[in-house]
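Visitor: My file is work-v2.cif. It has mmCIF, C-alpha atoms:
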data_entry
loop_
_atom_site.group_PDB
_atom_site.id
_atom_site.type_symbol
_atom_site.label_atom_id
_atom_site.label_comp_id
_atom_site.auth_asym_id
_atom_site.auth_seq_id
_atom_site.Cartn_x
_atom_site.Cartn_y
_atom_site.Cartn_z
ATOM 1 C CA MET A 182 -2.868 -7.054 72.975
ATOM 2 C CA ASN A 183 -2.890 -5.216 69.646
ATOM 3 C CA ALA A 184 -5.424 -6.392 67.074
ATOM 4 C CA TYR A 185 -4.001 -8.368 64.164
ATOM 5 C CA VAL A 186 -4.709 -6.168 61.138
ATOM 6 C CA THR A 187 -3.989 -7.186 57.541
ATOM 7 C CA MET A 188 -3.877 -5.484 54.161
ATOM 8 C CA PRO A 189 -3.461 -6.694 50.571
ATOM 9 C CA LEU A 190 0.116 -7.475 49.563
ATOM 10 C CA ALA A 191 1.551 -5.076 46.988
ATOM 11 C CA PHE A 192 3.686 -7.502 45.018
ATOM 12 C CA GLU A 193 4.771 -7.400 41.392
ATOM 13 C CA GLY A 194 5.783 -10.728 39.929
ATOM 14 C CA LEU A 195 8.212 -10.818 37.013
ATOM 15 C CA PRO A 196 8.680 -13.113 34.021
ATOM 16 C CA GLU A 197 11.516 -15.564 34.627
ATOM 17 C CA ALA A 198 13.759 -13.993 31.982
ATOM 18 C CA GLU A 199 13.418 -10.522 33.487
ATOM 19 C CA MET A 200 13.900 -11.914 36.975
ATOM 20 C CA LYS A 201 17.213 -13.487 35.946
ATOM 21 C CA ALA A 202 18.305 -10.325 34.139
ATOM 22 C CA ARG A 203 17.560 -8.084 37.113
ATOM 23 C CA ALA A 204 19.338 -10.408 39.536
ATOM 24 C CA ALA A 205 22.411 -10.531 37.301
ATOM 25 C CA GLN A 206 22.416 -6.772 36.770
ATOM 26 C CA PHE A 207 22.199 -6.034 40.493
ATOM 27 C CA LEU A 208 25.011 -8.514 41.147
ATOM 28 C CA GLU A 209 27.249 -6.700 38.662
ATOM 29 C CA THR A 210 26.352 -3.356 40.248
ATOM 30 C CA MET A 211 27.206 -4.569 43.741
ATOM 31 C CA ARG A 212 30.428 -6.237 42.582
ATOM 32 C CA LYS A 213 31.715 -2.718 41.863
ATOM 33 C CA ARG A 214 31.080 -1.624 45.441
ATOM 34 C CA ARG A 215 34.290 -1.100 47.382
ATOM 35 C CA THR A 216 35.072 0.314 50.774
ATOM 36 C CA VAL A 217 36.588 3.756 50.192
ATOM 37 C CA ARG A 218 38.843 5.661 52.603
ATOM 38 C CA ASP A 219 39.801 8.647 50.422
ATOM 39 C CA TYR A 220 36.966 11.101 49.797
ATOM 40 C CA SER A 221 36.261 14.242 47.859
ATOM 41 C CA ASP A 222 34.535 17.087 49.681
ATOM 42 C CA LYS A 223 32.117 17.456 46.751
ATOM 43 C CA PRO A 224 28.609 18.028 48.193
ATOM 44 C CA VAL A 225 25.966 15.302 48.019
ATOM 45 C CA PRO A 226 22.310 16.429 47.908
ATOM 46 C CA ARG A 227 20.421 15.847 51.124
ATOM 47 C CA GLU A 228 17.562 14.349 49.094
ATOM 48 C CA VAL A 229 19.798 11.426 48.110
ATOM 49 C CA ILE A 230 20.666 10.727 51.745
ATOM 50 C CA GLU A 231 17.007 10.988 52.756
ATOM 51 C CA ALA A 232 15.939 8.498 50.078
ATOM 52 C CA ALA A 233 18.669 6.036 51.071
ATOM 53 C CA VAL A 234 17.786 6.230 54.768
ATOM 54 C CA ALA A 235 14.099 5.808 53.918
ATOM 55 C CA THR A 236 15.107 2.685 51.974
ATOM 56 C CA ALA A 237 16.951 1.407 55.048
ATOM 57 C CA GLY A 238 13.778 1.971 57.013
ATOM 58 C CA THR A 239 11.935 -0.552 54.821
ATOM 59 C CA ALA A 240 14.103 -3.392 56.172
ATOM 60 C CA PRO A 241 12.496 -6.245 58.114
ATOM 61 C CA SER A 242 12.911 -6.182 61.888
ATOM 62 C CA GLY A 243 12.038 -8.280 64.911
ATOM 63 C CA ALA A 244 8.328 -7.816 65.721
ATOM 64 C CA ASN A 245 8.426 -4.878 63.265
ATOM 65 C CA GLN A 246 9.852 -2.712 66.059
ATOM 66 C CA GLN A 247 12.269 -0.976 63.665
ATOM 67 C CA PRO A 248 14.896 -0.492 66.394
ATOM 68 C CA TRP A 249 17.160 1.898 64.517
ATOM 69 C CA THR A 250 18.070 5.568 64.409
ATOM 70 C CA PHE A 251 20.078 7.124 61.580
ATOM 71 C CA VAL A 252 21.772 10.401 62.485
ATOM 72 C CA CYS A 253 22.814 12.111 59.235
ATOM 73 C CA ILE A 254 25.615 14.603 59.733
ATOM 74 C CA SER A 255 26.889 17.247 57.323
ATOM 75 C CA ASP A 256 27.792 19.999 59.801
ATOM 76 C CA PRO A 257 31.573 20.575 59.487
ATOM 77 C CA GLU A 258 32.106 21.357 63.176
ATOM 78 C CA LEU A 259 30.290 18.228 64.308
ATOM 79 C CA LYS A 260 32.226 16.124 61.807
ATOM 80 C CA ARG A 261 35.460 17.568 63.195
ATOM 81 C CA LYS A 262 34.459 16.617 66.738
ATOM 82 C CA ILE A 263 33.526 13.124 65.595
ATOM 83 C CA ARG A 264 36.916 12.735 63.928
ATOM 84 C CA GLU A 265 38.657 13.831 67.130
ATOM 85 C CA GLY A 266 36.649 11.346 69.208
ATOM 86 C CA ALA A 267 37.185 8.501 66.753
ATOM 87 C CA GLU A 268 40.916 9.102 66.400
ATOM 88 C CA GLU A 269 41.323 9.180 70.169
ATOM 89 C CA GLU A 270 39.809 5.699 70.407
ATOM 90 C CA GLU A 271 41.751 4.484 67.380
ATOM 91 C CA ARG A 272 45.094 5.580 68.843
ATOM 92 C CA VAL A 273 44.451 3.352 71.831
ATOM 93 C CA PHE A 274 43.267 0.554 69.540
ATOM 94 C CA TYR A 275 46.370 0.562 67.337
ATOM 95 C CA ALA A 276 48.680 1.097 70.328
ATOM 96 C CA GLY A 277 47.761 -2.272 71.792
ATOM 97 C CA ARG A 278 44.098 -2.594 72.713
ATOM 98 C CA ALA A 279 43.429 -4.629 69.559
ATOM 99 C CA GLY A 280 46.153 -7.211 70.170
ATOM 100 C CA ASP A 281 48.677 -8.559 67.679
ATOM 101 C CA GLU A 282 46.309 -11.048 66.030
ATOM 102 C CA TRP A 283 43.670 -8.438 65.207
ATOM 103 C CA LEU A 284 46.233 -5.924 63.978
ATOM 104 C CA GLY A 285 47.780 -8.641 61.845
ATOM 105 C CA ALA A 286 44.405 -9.331 60.240
ATOM 106 C CA LEU A 287 44.083 -5.623 59.360
ATOM 107 C CA ALA A 288 47.604 -5.194 58.024
ATOM 108 C CA HIS A 289 46.741 -5.909 54.364
ATOM 109 C CA LEU A 290 44.213 -3.046 54.400
ATOM 110 C CA GLY A 291 46.755 -0.395 55.348
ATOM 111 C CA THR A 292 44.609 1.189 58.064
ATOM 112 C CA ASP A 293 45.875 3.208 61.016
ATOM 113 C CA GLU A 294 44.599 5.679 63.626
ATOM 114 C CA HIS A 295 44.363 8.592 61.177
ATOM 115 C CA LYS A 296 40.797 9.102 59.881
ATOM 116 C CA PRO A 297 40.758 12.215 57.653
ATOM 117 C CA PHE A 298 37.708 10.919 55.789
ATOM 118 C CA LEU A 299 35.564 11.700 58.825
ATOM 119 C CA ASP A 300 35.635 15.424 58.159
ATOM 120 C CA THR A 301 36.389 15.366 54.416
ATOM 121 C CA ALA A 302 33.410 13.308 53.242
ATOM 122 C CA PRO A 303 30.230 15.374 52.893
ATOM 123 C CA TRP A 304 28.093 13.063 55.029
ATOM 124 C CA LEU A 305 28.456 10.790 58.029
ATOM 125 C CA ILE A 306 25.558 8.563 59.060
ATOM 126 C CA ALA A 307 25.751 7.338 62.638
ATOM 127 C CA ILE A 308 23.652 4.169 62.900
ATOM 128 C CA PHE A 309 22.257 3.532 66.365
ATOM 129 C CA ALA A 310 20.533 0.406 67.675
ATOM 130 C CA GLN A 311 17.625 1.023 70.028
ATOM 131 C CA ARG A 312 18.154 -1.563 72.754
ATOM 132 C CA TRP A 313 14.683 -0.859 74.088
ATOM 133 C CA GLY A 314 11.874 1.606 73.401
ATOM 134 C CA TYR A 315 8.795 3.146 74.953
ATOM 135 C CA ASP A 316 5.095 2.664 74.271
ATOM 136 C CA ALA A 317 2.486 5.409 73.892
ATOM 137 C CA GLU A 318 2.149 5.593 77.691
ATOM 138 C CA GLY A 319 5.898 5.963 78.190
ATOM 139 C CA ARG A 320 6.444 2.424 79.485
ATOM 140 C CA LYS A 321 9.695 0.643 78.655
ATOM 141 C CA VAL A 322 9.325 -1.923 75.868
ATOM 142 C CA LYS A 323 11.836 -4.674 75.135
ATOM 143 C CA HIS A 324 13.140 -4.845 71.574
ATOM 144 C CA TYR A 325 13.839 -8.194 69.908
ATOM 145 C CA TYR A 326 16.556 -9.230 67.450
ATOM 146 C CA VAL A 327 18.080 -5.766 67.583
ATOM 147 C CA PRO A 328 21.584 -6.461 66.119
ATOM 148 C CA GLU A 329 20.115 -8.593 63.350
ATOM 149 C CA SER A 330 17.490 -5.980 62.471
ATOM 150 C CA VAL A 331 19.890 -3.045 62.438
ATOM 151 C CA GLY A 332 22.443 -5.055 60.467
ATOM 152 C CA ILE A 333 19.886 -5.780 57.743
ATOM 153 C CA ALA A 334 18.871 -2.105 57.613
ATOM 154 C CA ALA A 335 22.519 -1.050 57.338
ATOM 155 C CA GLY A 336 22.912 -3.415 54.384
ATOM 156 C CA PHE A 337 19.904 -1.855 52.678
ATOM 157 C CA LEU A 338 21.418 1.588 53.292
ATOM 158 C CA ILE A 339 24.827 0.710 51.844
ATOM 159 C CA ALA A 340 23.281 -0.910 48.770
ATOM 160 C CA SER A 341 20.995 2.084 48.204
ATOM 161 C CA LEU A 342 23.867 4.574 48.438
ATOM 162 C CA HIS A 343 26.005 2.502 46.066
ATOM 163 C CA GLN A 344 23.099 2.265 43.625
ATOM 164 C CA ALA A 345 22.886 6.076 43.753
ATOM 165 C CA GLY A 346 26.533 6.400 42.713
ATOM 166 C CA LEU A 347 28.118 7.069 46.094
ATOM 167 C CA ALA A 348 30.953 5.428 47.980
ATOM 168 C CA THR A 349 30.765 4.328 51.608
ATOM 169 C CA LEU A 350 32.935 3.172 54.471
ATOM 170 C CA THR A 351 31.707 1.256 57.512
ATOM 171 C CA HIS A 352 33.789 2.765 60.300
ATOM 172 C CA THR A 353 33.533 1.146 63.733
ATOM 173 C CA PRO A 354 35.764 2.820 66.325
ATOM 174 C CA ALA A 355 35.456 1.022 69.651
ATOM 175 C CA PRO A 356 34.033 2.032 71.982
ATOM 176 C CA MET A 357 31.647 4.488 70.303
ATOM 177 C CA ASN A 358 30.038 6.005 73.383
ATOM 178 C CA PHE A 359 31.280 9.440 72.333
ATOM 179 C CA LEU A 360 28.766 9.375 69.477
ATOM 180 C CA ASN A 361 25.825 9.320 71.885
ATOM 181 C CA GLN A 362 27.013 12.552 73.442
ATOM 182 C CA LEU A 363 27.936 14.301 70.200
ATOM 183 C CA CYS A 364 24.723 13.243 68.422
ATOM 184 C CA GLY A 365 22.457 13.809 71.421
ATOM 185 C CA ARG A 366 21.176 10.248 71.559
ATOM 186 C CA PRO A 367 19.580 8.693 74.668
ATOM 187 C CA ASP A 368 20.943 5.848 76.806
ATOM 188 C CA ASN A 369 18.732 3.226 75.179
ATOM 189 C CA GLU A 370 20.596 3.663 71.899
ATOM 190 C CA LYS A 371 23.971 2.153 71.093
ATOM 191 C CA ALA A 372 26.106 3.276 68.142
ATOM 192 C CA LEU A 373 26.952 0.322 65.888
ATOM 193 C CA ILE A 374 28.328 1.858 62.690
ATOM 194 C CA LEU A 375 29.591 5.232 61.572
ATOM 195 C CA LEU A 376 28.939 5.204 57.832
ATOM 196 C CA VAL A 377 31.050 7.561 55.734
ATOM 197 C CA VAL A 378 29.311 8.684 52.524
ATOM 198 C CA GLY A 379 30.457 10.673 49.509
ATOM 199 C CA TYR A 380 32.380 10.631 46.244
ATOM 200 C CA PRO A 381 35.806 9.000 46.015
ATOM 201 C CA ALA A 382 38.709 11.436 45.825
ATOM 202 C CA GLU A 383 40.314 11.907 42.421
ATOM 203 C CA GLY A 384 42.897 9.183 41.905
ATOM 204 C CA CYS A 385 41.467 7.088 44.746
ATOM 205 C CA VAL A 386 42.901 3.594 45.074
ATOM 206 C CA VAL A 387 41.637 0.640 47.100
ATOM 207 C CA PRO A 388 43.309 -2.542 48.385
ATOM 208 C CA ALA A 389 43.692 -5.254 45.728
ATOM 209 C CA ILE A 390 41.435 -7.806 47.380
ATOM 210 C CA GLY A 391 38.639 -10.011 46.123
ATOM 211 C CA LYS A 392 35.474 -11.656 47.385
ATOM 212 C CA LYS A 393 34.955 -15.351 47.981
ATOM 213 C CA PRO A 394 33.329 -17.183 45.042
ATOM 214 C CA LEU A 395 29.787 -18.461 45.294
ATOM 215 C CA GLU A 396 30.851 -22.057 45.922
ATOM 216 C CA GLU A 397 32.694 -20.967 49.093
ATOM 217 C CA ILE A 398 29.798 -19.003 50.610
ATOM 218 C CA ALA A 399 26.735 -21.010 49.602
ATOM 219 C CA SER A 400 25.431 -24.549 49.721
ATOM 220 C CA PHE A 401 22.437 -25.681 47.663
ATOM 221 C CA LEU A 402 20.771 -28.810 49.058
#
Represent the structure from my file as structure tokens, please.
Guide:
Amino acid sequence: MNAYVTMPLAFEGLPEAEMKARAAQFLETMRKRRTVRDYSDKPVPREVIEAAVATAGTAPSGANQQPWTFVCISDPELKRKIREGAEEEERVFYAGRAGDEWLGALAHLGTDEHKPFLDTAPWLIAIFAQRWGYDAEGRKVKHYYVPESVGIAAGFLIASLHQAGLATLTHTPAPMNFLNQLCGRPDNEKALILLVVGYPAEGCVVPAIGKKPLEEIASFL
């Protein structure tokens, strides 16, 4: 068993007034975040993507196993192949695999099987969950709370990219097995999200939808 090792906590407390101000400011920043499906091909510096992914890597995870892999893709040919693979799955999805109820739920978003953003946006980030790992001796190691851990990290990533002035789209073609092959990922990893990252196209519009108010999503006891 590994030894339990500790270190001093690096924590900066804030005065109550500043705490409230920061919380309110971040709320207003995140309220402007919208899912974007129309992208400019304007380049985004790799350093911005690296910083955002590093931020995602600070997320909490079950047993601190950090069961995630972020494959950051800017290569035009690979993006083209990913679009082809995604649209193939989406054609089947919209042709009937999803079922009438699911398609009805999506209708107000105006989505279909065409995904031009996958090769227009400057970056795609394929987020993989590591269902298990290996120790230093190469023995298989079970990972715990994998979907929860990767979901939290993905949230950190989206918030970081938005804070940096970029738009994102969480694209989830199903199934996503083609991403393992195209990204060269092993069998112990499962693609969960294909995150599209870049600047909105000029004149971009988004669906006129809102978010539930606080009283509908929270209970204070």
Visitor: Contacts of A:Ala355 at 12 Å or less, counting all atoms listed in the file, minus same-chain residues fewer than 4 places along, as a list in words?
Guide: Gly266, Ala267, Glu268, Glu269, Glu270, Glu271, Arg272, Val273, Phe274, Tyr275, Arg278, Ala279, Glu294, Phe359, Leu360, Lys371, Ala372, Leu373, Ile374 and Leu375 of chain A
Visitor: Kindly provide, as AutoDock Vina command-line options, the centre and edge lengths (Å, one decimal) of an axis-aligned box around all atoms of stretch 371-375 of chain A given in the file, with 6 Å on each side.
Guide:
--center_x 26.8 --center_y 2.8 --center_z 66.3 --size_x 17.6 --size_y 16.9 --size_z 21.5
Visitor: If the PyMOL selection byres ((chain A and resi 331-348) around 10) were run on this exact file, what residues would it hold? Put them as a PyMOL selection string.
Guide: chain A and resi 207+210-211+213-220+225+229-230+232-243+247-251+302+306+308-311+326-330+349-351+373-374+376-381
Visitor: Could you tell me how far atom CA of A:Ala317 sits from atom CA of A:Ile254, in Å to one decimal place?
Guide: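 Computed distance, atom CA of A:Ile254 to atom CA of A:Ala317, equals 28.6 Å.
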Visitor: Which is closest to A:Arg312 among A:Asn369, A:Glu265, A:Lys296, A:Leu259, if we use all atoms listed in the file?
Guide: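 Of the candidates, the smallest distance to A:Arg312 is held by A:Asn369.
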Visitor: Mind pulling up the distance from atom CA of A:Ser221 to atom CA of A:Glu383?
Guide: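 Computing it gives 7.2 Å between the two atoms.
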Visitor: So which one's closest to A:Val386, A:Pro224, A:Lys323, A:Leu190, A:Leu290? Using only C-alpha atoms, please.
Guide: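 The answer is A:Leu290, which sits nearest to A:Val386.
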Visitor: Could you check the closest approach to A:Gly391 for each of A:Asp293, A:Leu287, A:Met357, A:Arg212 and tell me which residue wins, using only C-alpha atoms?
Guide: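 Distance minimum relative to A:Gly391 lands on A:Arg212.
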Visitor: Report, in Å with one decimal, the straight-line distance from atom CA of A:Glu197 to atom CA of A:Lys393.
Guide: 27.0 Å
